[in-house]
file my_file.txt (compact mmCIF, C-alpha atoms and all ligand atoms)
# COMPACT_ATOMS: atom_id res chain seq x y z
CA MET S 1 37.26 35.05 -2.99
CA THR S 2 37.19 32.13 -5.41
CA THR S 3 37.04 28.54 -4.26
CA THR S 4 38.77 25.73 -6.04
CA THR S 5 37.34 22.28 -6.59
CA GLU S 6 39.93 20.97 -4.10
CA GLN S 7 38.51 23.27 -1.40
CA ASN S 8 35.08 21.93 -2.17
CA GLY S 9 36.29 18.45 -1.42
CA LEU S 10 36.32 17.33 -5.05
CA SER S 11 39.53 16.14 -6.62
CA ALA S 12 40.53 17.96 -9.79
CA ASN S 13 40.29 14.90 -11.98
CA LYS S 14 36.93 13.67 -10.69
CA LYS S 15 34.51 16.44 -11.40
CA PRO S 16 30.83 15.76 -10.81
CA TRP S 17 30.14 16.37 -14.52
CA THR S 18 32.45 13.67 -15.84
CA SER S 19 29.42 11.52 -16.78
CA PRO S 20 27.58 13.64 -19.30
CA VAL S 21 24.01 12.83 -20.24
CA SER S 22 25.06 11.59 -23.68
CA THR S 23 26.89 8.59 -22.19
CA ARG S 24 23.62 7.24 -20.77
CA TYR S 25 20.95 8.52 -23.10
CA ALA S 26 20.40 9.34 -26.75
CA ASP S 27 20.64 13.05 -27.58
CA ARG S 28 17.00 13.31 -28.50
CA ILE S 29 14.67 13.43 -25.49
CA ILE S 30 11.19 12.05 -25.98
CA LEU S 31 9.22 14.33 -23.65
CA THR S 32 5.91 12.72 -24.39
CA THR S 33 4.30 10.58 -27.07
CA TYR S 34 1.17 10.76 -29.17
CA PRO S 35 -0.87 7.99 -30.77
CA GLY S 36 0.35 7.33 -34.30
CA GLN S 37 3.97 8.45 -33.70
CA SER S 38 6.79 6.30 -35.10
CA VAL S 39 7.83 5.27 -31.55
CA VAL S 40 4.30 4.19 -30.74
CA ASP S 41 3.37 0.58 -31.45
CA PRO S 42 2.01 -0.73 -28.14
CA ILE S 43 1.53 -4.42 -27.35
CA PRO S 44 -2.24 -4.67 -26.78
CA LEU S 45 -3.29 -4.48 -23.12
CA LYS S 46 -6.90 -5.55 -22.68
CA TRP S 47 -7.78 -5.08 -19.02
CA GLY S 48 -10.29 -7.72 -17.96
CA ALA S 49 -9.54 -10.14 -20.83
CA SER S 50 -10.34 -13.74 -19.99
CA THR S 51 -6.77 -15.09 -20.08
CA PRO S 52 -3.44 -13.51 -19.09
CA GLU S 53 -2.16 -14.11 -22.63
CA GLU S 54 -5.07 -12.21 -24.16
CA ARG S 55 -4.83 -9.52 -21.49
CA GLY S 56 -1.16 -8.89 -22.34
CA PRO S 57 1.79 -7.77 -20.15
CA VAL S 58 1.87 -4.33 -18.51
CA LEU S 59 4.79 -2.45 -20.07
CA VAL S 60 6.09 0.93 -18.90
CA SER S 61 9.82 0.68 -19.60
CA ARG S 62 11.41 3.31 -21.83
CA ASN S 63 14.37 1.02 -22.54
CA LYS S 64 15.43 0.73 -26.18
CA ASN S 65 13.71 -2.61 -26.81
CA THR S 66 10.47 -1.69 -25.09
CA ILE S 67 9.77 2.03 -25.55
CA SER S 68 7.74 1.58 -28.73
CA LYS S 69 5.86 -1.36 -27.15
CA ARG S 70 4.83 0.49 -23.98
CA ASN S 71 1.17 0.12 -23.15
CA ALA S 72 1.07 1.84 -19.75
CA ILE S 73 2.12 5.15 -18.16
CA GLY S 74 4.37 5.66 -15.12
CA ALA S 75 7.20 3.54 -13.73
CA HIS S 76 7.69 0.37 -11.71
CA GLY S 77 8.43 0.41 -8.00
CA GLY S 78 5.96 3.06 -6.86
CA SER S 79 7.90 5.86 -5.13
CA TYR S 80 11.09 3.75 -5.35
CA ALA S 81 11.25 4.56 -9.07
CA ILE S 82 13.09 7.71 -7.99
CA TYR S 83 15.83 5.69 -6.24
CA ASN S 84 16.13 3.59 -9.38
CA ALA S 85 16.64 6.80 -11.39
CA LEU S 86 19.23 8.01 -8.86
CA ALA S 87 21.14 4.73 -9.11
CA ILE S 88 21.30 5.12 -12.90
CA ALA S 89 22.38 8.78 -12.66
CA ALA S 90 25.04 7.83 -10.07
CA GLY S 91 26.43 5.17 -12.39
CA ASP S 92 25.61 2.30 -10.03
CA LEU S 93 23.05 0.77 -12.36
CA PRO S 94 23.20 0.54 -16.17
CA ALA S 95 20.20 2.27 -17.75
CA ASP S 96 19.46 -0.90 -19.72
CA PHE S 97 19.75 -3.30 -16.74
CA ARG S 98 17.48 -6.34 -16.98
CA PRO S 99 16.63 -8.44 -13.90
CA ASP S 100 17.35 -12.19 -13.71
CA PHE S 101 14.09 -13.74 -12.45
CA LEU S 102 15.49 -17.24 -11.82
CA ASN S 103 13.80 -18.79 -8.73
CA THR S 104 11.77 -15.66 -7.95
CA GLN S 105 8.40 -17.30 -8.64
CA PRO S 106 5.67 -17.27 -5.93
CA THR S 107 5.92 -19.69 -3.00
CA PHE S 108 2.20 -20.32 -3.36
CA ASP S 109 0.13 -20.42 -6.55
CA PHE S 110 -2.96 -18.38 -5.79
CA PRO S 111 -5.84 -19.91 -7.75
CA ILE S 112 -7.14 -17.69 -10.56
CA GLN S 113 -10.37 -15.97 -9.46
CA SER S 114 -13.18 -14.74 -11.70
CA ALA S 115 -12.35 -11.20 -10.50
CA TRP S 116 -8.93 -11.46 -12.18
CA HIS S 117 -10.64 -11.10 -15.53
CA ASP S 118 -13.35 -8.70 -14.48
CA PRO S 119 -12.29 -5.20 -15.62
CA MET S 120 -14.24 -3.42 -12.87
CA ARG S 121 -13.65 -5.63 -9.83
CA ILE S 122 -9.86 -5.27 -9.80
CA VAL S 123 -8.81 -1.78 -10.92
CA SER S 124 -5.78 -0.87 -8.79
CA MET S 125 -3.41 -3.86 -9.12
CA ASP S 126 -2.33 -6.16 -11.94
CA PRO S 127 -3.95 -9.55 -11.22
CA PHE S 128 -1.26 -11.25 -13.33
CA GLY S 129 1.63 -9.21 -11.91
CA HIS S 130 2.89 -11.99 -9.58
CA ASP S 131 4.07 -14.52 -12.14
CA ILE S 132 5.20 -12.69 -15.25
CA VAL S 133 7.72 -15.43 -16.10
CA LYS S 134 4.88 -17.97 -16.37
CA TYR S 135 2.41 -15.69 -18.13
CA TYR S 136 4.70 -13.49 -20.22
CA GLY S 137 7.92 -15.50 -20.62
CA LYS S 138 7.76 -15.25 -24.40
CA TYR S 139 7.98 -11.45 -24.19
CA LEU S 140 10.95 -11.70 -21.79
CA GLU S 141 12.69 -13.98 -24.31
CA GLN S 142 12.16 -11.33 -26.99
CA GLY S 143 13.99 -8.82 -24.79
CA ILE S 144 10.83 -6.96 -23.78
CA ASP S 145 11.17 -5.45 -20.29
CA VAL S 146 8.25 -7.04 -18.42
CA ARG S 147 8.46 -6.58 -14.64
CA PRO S 148 6.52 -8.13 -11.76
CA THR S 149 4.30 -5.86 -9.64
CA ILE S 150 3.47 -8.55 -7.07
CA ALA S 151 5.75 -10.92 -5.15
CA VAL S 152 4.73 -13.84 -2.95
CA THR S 153 7.09 -15.24 -0.31
CA ARG S 154 7.26 -16.99 3.08
CA ALA S 155 8.72 -15.88 6.36
CA SER S 156 8.87 -16.43 10.07
CA MET S 157 8.08 -13.40 12.21
CA ARG S 158 8.35 -12.48 15.87
CA VAL S 159 6.14 -9.73 17.29
CA SER S 160 6.58 -8.89 20.98
CA GLU S 161 2.82 -8.92 21.73
CA ILE S 162 2.54 -12.38 20.13
CA SER S 163 5.49 -13.66 22.19
CA GLU S 164 3.69 -12.27 25.25
CA ALA S 165 0.43 -13.98 24.22
CA VAL S 166 2.31 -17.30 24.06
CA ARG S 167 3.95 -16.69 27.47
CA GLU S 168 0.59 -15.82 29.00
CA GLY S 169 -1.10 -18.85 27.44
CA ARG S 170 -3.52 -16.90 25.19
CA LEU S 171 -1.88 -18.47 22.12
CA LEU S 172 -0.74 -22.07 21.88
CA VAL S 173 2.42 -23.33 20.24
CA ASP S 174 0.98 -25.64 17.57
CA GLY S 175 4.29 -26.38 15.87
CA ALA S 176 3.04 -25.33 12.44
CA ILE S 177 1.75 -21.74 12.61
CA VAL S 178 3.18 -20.72 15.98
CA HIS S 179 6.33 -22.80 15.89
CA SER S 180 8.39 -21.87 18.93
CA ASP S 181 8.00 -21.06 22.64
CA GLN S 182 9.25 -17.57 21.81
CA GLY S 183 6.16 -17.01 19.68
CA ASP S 184 7.70 -17.28 16.22
CA VAL S 185 5.01 -17.40 13.57
CA ARG S 186 5.05 -18.75 10.01
CA VAL S 187 3.48 -16.46 7.45
CA THR S 188 2.92 -16.16 3.70
CA LYS S 189 3.47 -12.60 2.50
CA VAL S 190 2.33 -10.87 -0.67
CA ALA S 191 3.77 -7.49 -1.66
CA VAL S 192 1.71 -5.53 -4.18
CA GLU S 193 2.59 -2.40 -6.13
CA PRO S 194 -0.26 -0.30 -7.47
CA VAL S 195 -1.26 -0.61 -11.13
CA TRP S 196 -4.29 1.51 -11.97
CA TYR S 197 -6.75 0.79 -14.73
CA LEU S 198 -7.87 4.40 -15.12
CA PRO S 199 -11.43 3.83 -16.43
CA GLY S 200 -12.02 1.48 -13.46
CA VAL S 201 -10.50 3.86 -10.91
CA ALA S 202 -12.60 6.73 -12.30
CA ALA S 203 -15.73 4.57 -12.09
CA ARG S 204 -14.96 3.53 -8.49
CA PHE S 205 -14.89 7.21 -7.50
CA GLY S 206 -17.77 8.14 -9.76
CA VAL S 207 -15.68 10.74 -11.62
CA ASP S 208 -14.98 11.42 -15.27
CA GLU S 209 -11.82 9.67 -16.49
CA ALA S 210 -10.60 12.78 -18.35
CA LEU S 211 -10.90 14.78 -15.12
CA LEU S 212 -9.00 12.10 -13.19
CA ARG S 213 -6.22 12.10 -15.81
CA ARG S 214 -5.97 15.89 -15.80
CA ALA S 215 -5.84 16.04 -11.98
CA LEU S 216 -3.11 13.36 -11.86
CA PHE S 217 -1.12 15.28 -14.50
CA GLU S 218 -1.49 18.72 -12.91
CA HIS S 219 -0.82 17.71 -9.31
CA THR S 220 2.31 15.65 -9.99
CA GLY S 221 4.06 18.73 -11.38
CA GLY S 222 3.19 17.72 -14.93
CA SER S 223 5.28 14.57 -14.48
CA TYR S 224 3.12 12.30 -16.62
CA PRO S 225 2.10 14.20 -19.79
CA GLU S 226 1.00 10.95 -21.41
CA LEU S 227 -1.99 10.93 -19.03
CA VAL S 228 -3.21 13.71 -21.34
CA THR S 229 -1.57 12.91 -24.69
CA ARG S 230 -2.05 9.12 -24.74
CA THR S 231 -5.72 8.52 -24.11
CA ASP S 232 -5.21 5.21 -25.94
CA LEU S 233 -3.24 4.04 -22.87
CA ASN S 234 -5.49 3.42 -19.89
CA VAL S 235 -3.15 1.84 -17.33
CA PHE S 236 -1.04 3.98 -14.96
CA LEU S 237 1.57 2.90 -12.40
CA PRO S 238 1.31 5.69 -9.81
CA PRO S 239 4.30 6.81 -7.69
CA ILE S 240 2.72 5.73 -4.40
CA GLY S 241 3.16 2.98 -1.83
CA GLY S 242 1.45 -0.38 -2.19
CA LEU S 243 0.39 -2.99 0.33
CA THR S 244 1.51 -6.21 1.99
CA VAL S 245 -0.72 -9.19 2.76
CA TYR S 246 0.18 -11.39 5.77
CA ILE S 247 -1.51 -14.78 5.64
CA PHE S 248 -1.55 -17.02 8.72
CA GLY S 249 -2.21 -20.70 8.16
CA PRO S 250 -2.29 -22.51 4.82
CA PRO S 251 -2.72 -19.88 2.05
CA GLU S 252 -5.15 -22.09 0.11
CA ARG S 253 -7.70 -21.53 2.88
CA VAL S 254 -7.99 -17.80 2.16
CA SER S 255 -10.33 -18.30 -0.80
CA ASP S 256 -12.12 -21.32 0.74
CA GLU S 257 -15.68 -20.25 1.54
CA ASN S 258 -16.11 -23.27 3.81
CA VAL S 259 -13.64 -22.06 6.41
CA ARG S 260 -13.81 -19.01 8.64
CA LEU S 261 -11.82 -15.90 7.85
CA ALA S 262 -10.55 -13.26 10.30
CA LEU S 263 -9.27 -10.10 8.59
CA ARG S 264 -7.59 -6.89 9.62
CA ILE S 265 -7.11 -4.08 7.09
CA HIS S 266 -4.43 -1.80 8.55
CA ASP S 267 -3.23 1.55 7.23
CA GLU S 268 0.38 2.40 8.01
CA CYS S 269 1.17 4.48 11.07
CA ASN S 270 4.94 4.29 11.41
CA GLY S 271 5.10 6.23 14.69
CA SER S 272 2.84 3.73 16.43
CA ASP S 273 3.30 0.54 14.37
CA VAL S 274 7.10 0.54 14.64
CA PHE S 275 8.09 3.08 17.28
CA GLN S 276 5.08 2.53 19.56
CA SER S 277 4.05 6.11 20.14
CA ASP S 278 0.97 6.02 22.40
CA ILE S 279 -1.00 8.85 20.78
CA CYS S 280 -3.13 6.43 18.72
CA THR S 281 -4.40 2.85 18.77
CA CYS S 282 -2.61 1.68 15.59
CA ARG S 283 0.03 -0.69 17.00
CA PRO S 284 -2.24 -2.22 19.67
CA TYR S 285 -4.97 -2.83 17.07
CA LEU S 286 -2.43 -4.29 14.63
CA ALA S 287 -1.09 -6.64 17.33
CA PHE S 288 -4.66 -7.63 18.28
CA GLY S 289 -5.39 -8.24 14.59
CA ILE S 290 -2.34 -10.50 14.23
CA GLU S 291 -3.24 -12.44 17.39
CA GLU S 292 -6.85 -12.99 16.30
CA ALA S 293 -5.74 -13.93 12.76
CA ILE S 294 -3.36 -16.55 14.19
CA LYS S 295 -6.11 -17.92 16.48
CA GLU S 296 -8.51 -18.27 13.54
CA ALA S 297 -5.87 -20.13 11.53
CA GLN S 298 -5.10 -22.41 14.48
CA GLN S 299 -8.78 -23.33 14.65
CA GLY S 300 -8.78 -24.49 11.04
CA GLY S 301 -9.75 -21.18 9.47
CA SER S 302 -7.70 -18.45 7.87
CA GLY S 303 -6.23 -15.25 9.27
CA VAL S 304 -5.23 -12.33 7.07
CA VAL S 305 -3.70 -8.94 7.89
CA ILE S 306 -3.35 -6.46 5.02
CA TYR S 307 -1.00 -3.54 5.56
CA PHE S 308 -1.47 -0.50 3.32
CA ARG S 309 1.20 2.18 2.90
CA LYS S 310 -1.11 5.09 3.62
CA GLU S 311 0.82 6.88 6.35
CA GLY S 312 -1.16 9.32 8.48
CA ARG S 313 -4.46 8.71 6.67
CA ALA S 314 -2.49 9.10 3.43
CA LEU S 315 -1.64 12.68 4.39
CA GLY S 316 1.96 11.80 5.27
CA GLU S 317 3.97 12.22 8.46
CA VAL S 318 4.73 15.93 8.03
CA VAL S 319 1.03 16.82 8.01
CA LYS S 320 0.45 14.33 10.83
CA TYR S 321 3.03 15.96 13.11
CA LEU S 322 1.70 19.44 12.29
CA VAL S 323 -1.70 18.17 13.40
CA TYR S 324 -0.18 16.76 16.62
CA ASN S 325 1.31 20.18 17.38
CA SER S 326 -1.93 21.97 16.71
CA ARG S 327 -3.78 19.47 18.92
CA LYS S 328 -1.35 19.65 21.82
CA ARG S 329 -1.06 23.45 21.72
CA GLY S 330 -4.79 23.98 21.28
CA GLY S 331 -6.05 21.88 24.22
CA ASP S 332 -6.22 18.35 22.90
CA THR S 333 -9.88 17.36 23.15
CA ALA S 334 -11.80 14.75 21.15
CA ASP S 335 -14.46 17.22 19.93
CA LYS S 336 -11.77 19.12 17.97
CA TYR S 337 -9.89 16.01 16.77
CA PHE S 338 -10.98 15.93 13.12
CA GLN S 339 -11.18 19.72 12.83
CA ARG S 340 -7.44 20.00 13.59
CA THR S 341 -6.64 17.75 10.62
CA GLU S 342 -9.10 19.52 8.35
CA ASN S 343 -7.58 22.91 9.18
CA ILE S 344 -4.16 21.76 8.00
CA ALA S 345 -4.89 19.19 5.28
CA GLY S 346 -8.22 20.49 4.01
CA VAL S 347 -9.76 17.07 4.56
CA LYS S 348 -9.75 14.69 7.49
CA ASP S 349 -8.77 11.62 5.51
CA MET S 350 -7.27 10.85 2.09
CA ARG S 351 -7.12 7.06 2.30
CA PHE S 352 -9.97 6.50 -0.12
CA GLN S 353 -10.95 2.98 0.85
CA ALA S 354 -12.78 2.57 -2.48
CA LEU S 355 -9.75 0.83 -4.06
CA MET S 356 -8.88 -1.23 -0.97
CA PRO S 357 -11.22 -4.21 -1.68
CA ASP S 358 -9.32 -5.05 -4.90
CA ILE S 359 -6.85 -7.16 -2.94
CA LEU S 360 -9.74 -9.08 -1.34
CA HIS S 361 -11.08 -9.90 -4.82
CA TRP S 362 -7.60 -10.95 -5.92
CA LEU S 363 -7.24 -13.28 -2.93
CA GLY S 364 -10.67 -14.76 -3.67
CA ILE S 365 -12.24 -13.61 -0.41
CA LYS S 366 -16.03 -13.96 -0.73
CA LYS S 367 -17.04 -13.18 2.88
CA ILE S 368 -15.44 -12.06 6.11
CA ASP S 369 -16.41 -13.82 9.33
CA ARG S 370 -14.52 -11.55 11.72
CA MET S 371 -13.53 -8.04 10.62
CA LEU S 372 -10.90 -6.77 13.05
CA SER S 373 -11.58 -3.10 12.41
CA MET S 374 -13.94 -0.41 13.65
CA SER S 375 -13.64 1.78 10.54
CA ASN S 376 -16.97 2.48 8.90
CA MET S 377 -15.16 3.57 5.72
CA LYS S 378 -13.39 0.22 5.37
CA HIS S 379 -16.57 -1.66 6.23
CA ASP S 380 -18.69 0.22 3.69
CA ALA S 381 -16.10 -0.08 0.90
CA ILE S 382 -15.92 -3.87 1.34
CA VAL S 383 -19.68 -4.39 1.58
CA GLU S 384 -20.22 -2.16 -1.49
CA GLN S 385 -17.94 -4.53 -3.38
CA GLY S 386 -20.29 -7.41 -2.59
CA ILE S 387 -18.26 -9.00 0.22
CA PRO S 388 -20.42 -9.49 3.34
CA ILE S 389 -18.95 -8.92 6.82
CA HIS S 390 -20.53 -11.18 9.44
CA GLU S 391 -18.99 -9.78 12.61
CA ARG S 392 -17.11 -6.58 13.45
CA VAL S 393 -14.61 -6.77 16.29
CA PRO S 394 -13.53 -3.56 18.04
CA ILE S 395 -10.16 -3.23 19.76
CA PRO S 396 -10.56 -4.41 23.40
CA ASP S 397 -10.79 -1.47 25.76
CA HIS S 398 -7.80 -2.52 27.86
CA MET S 399 -5.54 -2.26 24.77
CA ILE S 400 -6.32 1.43 24.18
CA PRO S 401 -3.47 3.67 25.42
CA THR S 402 -4.67 6.54 27.64
CA ASP S 403 -3.41 9.31 25.35
CA SER S 404 -5.15 7.76 22.34
CA ARG S 405 -8.67 8.11 23.81
CA VAL S 406 -8.92 11.46 22.00
CA GLU S 407 -8.49 9.70 18.65
CA ILE S 408 -10.62 6.63 19.23
CA ASP S 409 -13.50 8.46 20.96
CA ALA S 410 -13.64 11.06 18.18
CA LYS S 411 -13.70 8.25 15.60
CA ILE S 412 -16.48 6.41 17.44
CA HIS S 413 -18.47 9.67 17.57
CA ALA S 414 -17.90 10.08 13.81
CA GLY S 415 -19.35 6.65 13.05
CA TYR S 416 -16.69 4.05 13.86
CA PHE S 417 -18.14 0.74 14.98
CA THR S 418 -18.15 -0.05 18.68
CA THR S 419 -19.82 -2.49 21.01
CA GLY S 420 -18.91 -0.24 23.94
CA GLN S 421 -19.70 3.31 24.97
CA THR S 422 -20.75 5.96 22.46
CA PHE S 423 -20.21 9.66 23.01
CA THR S 424 -22.12 12.92 22.71
CA GLU S 425 -20.50 16.15 21.48
CA GLU S 426 -20.49 17.29 25.12
CA ASP S 427 -18.69 14.10 26.26
CA LEU S 428 -15.98 14.65 23.65
CA LYS S 429 -15.05 18.04 25.13
CA ASN S 430 -14.01 16.19 28.29
CA VAL S 431 -11.86 13.58 26.52
CA LYS S 432 -8.48 15.25 26.75
CA GLY S 433 -5.04 14.09 25.63
CA ARG S 434 -1.79 14.42 27.51
CA GLY S 435 -0.26 17.89 27.37
CA TRP S 436 3.38 18.80 26.92
CA GLU S 437 3.96 19.59 30.61
CA CYS S 438 7.39 18.54 31.90
CA TRP S 439 8.88 18.40 28.40
CA GLU S 440 11.23 21.22 29.49
CA ASP S 441 13.13 18.50 31.36
CA VAL S 442 13.97 16.97 27.97
CA THR S 443 14.43 20.06 25.83
CA HIS S 444 16.72 21.96 28.17
ZN ZN S 501 -1.61 5.74 14.49
call {"tool": "encode", "arguments": {"input": "my_file.txt", "output": "C-alpha cells", "more": "lines below"}}
Ligand SMILES: [Zn+2]
result
Amino acid sequence: MTTTTEQNGLSANKKPWTSPVSTRYADRIILTTYPGQSVVDPIPLKWGASTPEERGPVLVSRNKNTISKRNAIGAHGGSYAIYNALAIAAGDLPADFRPDFLNTQPTFDFPIQSAWHDPMRIVSMDPFGHDIVKYYGKYLEQGIDVRPTIAVTRASMRVSEISEAVREGRLLVDGAIVHSDQGDVRVTKVAVEPVWYLPGVAARFGVDEALLRRALFEHTGGSYPELVTRTDLNVFLPPIGGLTVYIFGPPERVSDENVRLALRIHDECNGSDVFQSDICTCRPYLAFGIEEAIKEAQQGGSGVVIYFRKEGRALGEVVKYLVYNSRKRGGDTADKYFQRTENIAGVKDMRFQALMPDILHWLGIKKIDRMLSMSNMKHDAIVEQGIPIHERVPIPDHMIPTDSRVEIDAKIHAGYFTTGQTFTEEDLKNVKGRGWECWEDVTH
C-alpha cells in the first residue's frame, strides 16, 4: 500500500524539501582547506602575544566575509553549535546572521593578568574572549564575524541550603552579599566556552601535537579535517561544554593577594546538583562550597565557585547510569566502586584536571587559602600550575548522604584528601550502598 503525503501529516504544498540546499549555500562545498589555497588568507592569530591587538581575534566563521580570514578550527557555542546549525536548516536563522552586541559588555572589567599573554599558562580559553567589541571592534566594523567566548554578568540567586543557613543563623544577612531574609545572594557570573591552543594543550598532557590533532579528528567522526590539513592553524574550538564562575563579594578581590580566597571547583553532576539524587556527595558539597564562599566574602575576602560541564566525570550520564546499574546489581560495595566504572568506560575518570587551572590564571588567582574540595587530582593540577593551596577543607561528615558513602569512601581510599577516617581494602568491602529492594512497589 502506498501512503500519500497527506497521510503522513504533511500538506501537499509544504513538502519538507521545499528549502533546497542551494537557497542557503553556494553550490560548491568546501570540505576542507589547505594552506596556500585561494580561500585561505587568515588574519594572524599569535597566541600569547603581549597585547590583544597583536594577538588578533579568534575567527572560525565560514560566513562569506570571514571564511578566507579564519584562523581557528571548529565552531562557536561548544555543543550548542549543532542547535545553531539546526536553526539555520529549519529556516529560523539566516545563515549570515550577525549578532548585535550593544550593551553586552562585561559588568566587571577583570584586570589583565600576565597569564593572559603567556602562551602556556592559558591554553584552553581565549583570555580576550570576554570583550571582543573593545578589543576587536575594528574587525566587527569591517564585517568580520568575531564572536565572544566569555560573558560576564550579575545575578541574584537563591539556593535552598543557603536560605536554610540564614534561617538557622549560620549565615548573616549583610545587605550586600546576602541581601534578604530569604537568603538571596548577589553574585558575579562568568560563562566560558572552551578555546584550545593546541600546542599548549598537547604540552599540558605531555603528548605530541600531531597525535592530539589526529585523535581529535578520528574520534569526532572525521568532523574536523582541518585539524590534519591546516597545521598552520593551531587554535580549536571543541564541541564540548565550558564552565561558569560564581564570584561572591566584590569581583576585584578575586585577584587581590592581600585578601583570603575560598574556592570550590565543582564538576557537573546533574542528578545530584539539580535533582538531588542521594547516591553521591555532589549537591551537598556544592552547597557547602557556596556557603563557605559567601562566609569568606562576608569576612572581607573572596569566595569563588567554578562549575565545569563535565557530567559524570566527563563520561556522560548514559555511562553513569550504566555504572549505577552494574553497582546496584553487583552488590554495591566501596571496594568495587572504581572497577565498575572502568569495566564500562575503560577508565575511571575522563575529567583531565590539567586544563582546569586556566580559569584560575585568567582570574588572577595566585594562591588559595581554603580549597573546598577533597580531590587529589584537582589539588595536584592547581599546585603544578604554581598556585599554592594553604588549606584543604573536606565536606563535613554530617552532610554526606548515607547511600553516597560507597562513593566518598572509595575516593578517600584512592587518595582523596580527608581529615577524618581512612579506609583499608577490607573496610571498603563492608561499605555498602542501598539496594533496589522495594522498588517493585514503584515499577508495578
Ligand atoms: Zn554526583
call {"tool": "residues_near_ligand", "arguments": {"input": "my_file.txt", "ligand": "ligand ZN 501 (chain S)", "cutoff": "12 Å", "atoms": "all atoms listed in the file", "output": "PDB file with C-alpha atoms, keeping the file's coordinate frame"}}
result
ATOM      1  CA  HIS S 266      -4.430  -1.800   8.550  1.00  0.00           C
ATOM      2  CA  ASP S 267      -3.230   1.550   7.230  1.00  0.00           C
ATOM      3  CA  GLU S 268       0.380   2.400   8.010  1.00  0.00           C
ATOM      4  CA  CYS S 269       1.170   4.480  11.070  1.00  0.00           C
ATOM      5  CA  ASN S 270       4.940   4.290  11.410  1.00  0.00           C
ATOM      6  CA  GLY S 271       5.100   6.230  14.690  1.00  0.00           C
ATOM      7  CA  SER S 272       2.840   3.730  16.430  1.00  0.00           C
ATOM      8  CA  ASP S 273       3.300   0.540  14.370  1.00  0.00           C
ATOM      9  CA  VAL S 274       7.100   0.540  14.640  1.00  0.00           C
ATOM     10  CA  PHE S 275       8.090   3.080  17.280  1.00  0.00           C
ATOM     11  CA  GLN S 276       5.080   2.530  19.560  1.00  0.00           C
ATOM     12  CA  SER S 277       4.050   6.110  20.140  1.00  0.00           C
ATOM     13  CA  ASP S 278       0.970   6.020  22.400  1.00  0.00           C
ATOM     14  CA  ILE S 279      -1.000   8.850  20.780  1.00  0.00           C
ATOM     15  CA  CYS S 280      -3.130   6.430  18.720  1.00  0.00           C
ATOM     16  CA  THR S 281      -4.400   2.850  18.770  1.00  0.00           C
ATOM     17  CA  CYS S 282      -2.610   1.680  15.590  1.00  0.00           C
ATOM     18  CA  ARG S 283       0.030  -0.690  17.000  1.00  0.00           C
ATOM     19  CA  PRO S 284      -2.240  -2.220  19.670  1.00  0.00           C
ATOM     20  CA  TYR S 285      -4.970  -2.830  17.070  1.00  0.00           C
ATOM     21  CA  LEU S 286      -2.430  -4.290  14.630  1.00  0.00           C
ATOM     22  CA  LYS S 310      -1.110   5.090   3.620  1.00  0.00           C
ATOM     23  CA  GLU S 311       0.820   6.880   6.350  1.00  0.00           C
ATOM     24  CA  GLY S 312      -1.160   9.320   8.480  1.00  0.00           C
ATOM     25  CA  ARG S 313      -4.460   8.710   6.670  1.00  0.00           C
ATOM     26  CA  ALA S 314      -2.490   9.100   3.430  1.00  0.00           C
ATOM     27  CA  GLY S 316       1.960  11.800   5.270  1.00  0.00           C
ATOM     28  CA  GLU S 317       3.970  12.220   8.460  1.00  0.00           C
ATOM     29  CA  LYS S 320       0.450  14.330  10.830  1.00  0.00           C
ATOM     30  CA  TYR S 321       3.030  15.960  13.110  1.00  0.00           C
ATOM     31  CA  TYR S 324      -0.180  16.760  16.620  1.00  0.00           C
ATOM     32  CA  ILE S 400      -6.320   1.430  24.180  1.00  0.00           C
ATOM     33  CA  PRO S 401      -3.470   3.670  25.420  1.00  0.00           C
ATOM     34  CA  ASP S 403      -3.410   9.310  25.350  1.00  0.00           C
ATOM     35  CA  SER S 404      -5.150   7.760  22.340  1.00  0.00           C
ATOM     36  CA  ARG S 405      -8.670   8.110  23.810  1.00  0.00           C
ATOM     37  CA  VAL S 406      -8.920  11.460  22.000  1.00  0.00           C
ATOM     38  CA  GLU S 407      -8.490   9.700  18.650  1.00  0.00           C
ATOM     39  CA  ILE S 408     -10.620   6.630  19.230  1.00  0.00           C
TER      40      ILE S 408
END
call {"tool": "atom_distance", "arguments": {"input": "my_file.txt", "atom1": "atom CA of S:Phe308", "atom2": "atom CA of S:Phe236"}}
result
18.8 Å
call {"tool": "atom_distance", "arguments": {"input": "my_file.txt", "atom1": "atom CA of S:Val393", "atom2": "atom CA of S:Gly289"}}
result
9.5 Å
call {"tool": "closest_residue", "arguments": {"input": "my_file.txt", "among": "S:Gly78, S:Pro148, S:Gly249, S:Pro106", "to": "S:Arg309", "atoms": "all atoms listed in the file"}}
result
S:Gly78
call {"tool": "residues_around", "arguments": {"input": "my_file.txt", "residues": "S:Gly183", "least_positions_apart": "2", "cutoff": "8 Å", "atoms": "all atoms listed in the file", "output": "CSV table (one decimal) with C-alpha atoms, keeping the file's coordinate frame"}}
result
chain,number,residue,atom,x,y,z
S,158,ARG,CA,8.4,-12.5,15.9
S,159,VAL,CA,6.1,-9.7,17.3
S,162,ILE,CA,2.5,-12.4,20.1
S,163,SER,CA,5.5,-13.7,22.2
S,164,GLU,CA,3.7,-12.3,25.2
S,165,ALA,CA,0.4,-14.0,24.2
S,166,VAL,CA,2.3,-17.3,24.1
S,173,VAL,CA,2.4,-23.3,20.2
S,178,VAL,CA,3.2,-20.7,16.0
S,179,HIS,CA,6.3,-22.8,15.9
S,180,SER,CA,8.4,-21.9,18.9
S,181,ASP,CA,8.0,-21.1,22.6
S,185,VAL,CA,5.0,-17.4,13.6
call {"tool": "decode", "arguments": {"input": "my_file.txt", "residues": "stretch 223-236 of chain S", "atoms": "C-alpha atoms", "output": "short mmCIF file (atom, residue, chain, number, x, y, z; two decimals), in the first residue's frame"}}
result
data_model
loop_
_atom_site.label_atom_id
_atom_site.label_comp_id
_atom_site.auth_asym_id
_atom_site.auth_seq_id
_atom_site.Cartn_x
_atom_site.Cartn_y
_atom_site.Cartn_z
CA SER S 223 34.32 16.14 11.67
CA TYR S 224 37.29 18.49 11.68
CA PRO S 225 39.59 17.58 8.76
CA GLU S 226 41.42 20.89 9.14
CA LEU S 227 42.98 19.50 12.34
CA VAL S 228 45.03 17.46 9.86
CA THR S 229 45.14 19.65 6.73
CA ARG S 230 45.71 23.05 8.36
CA THR S 231 48.70 22.65 10.63
CA ASP S 232 49.19 26.41 10.20
CA LEU S 233 46.06 26.87 12.37
CA ASN S 234 46.71 25.99 15.99
CA VAL S 235 43.51 27.08 17.75
CA PHE S 236 40.48 24.75 18.00
#
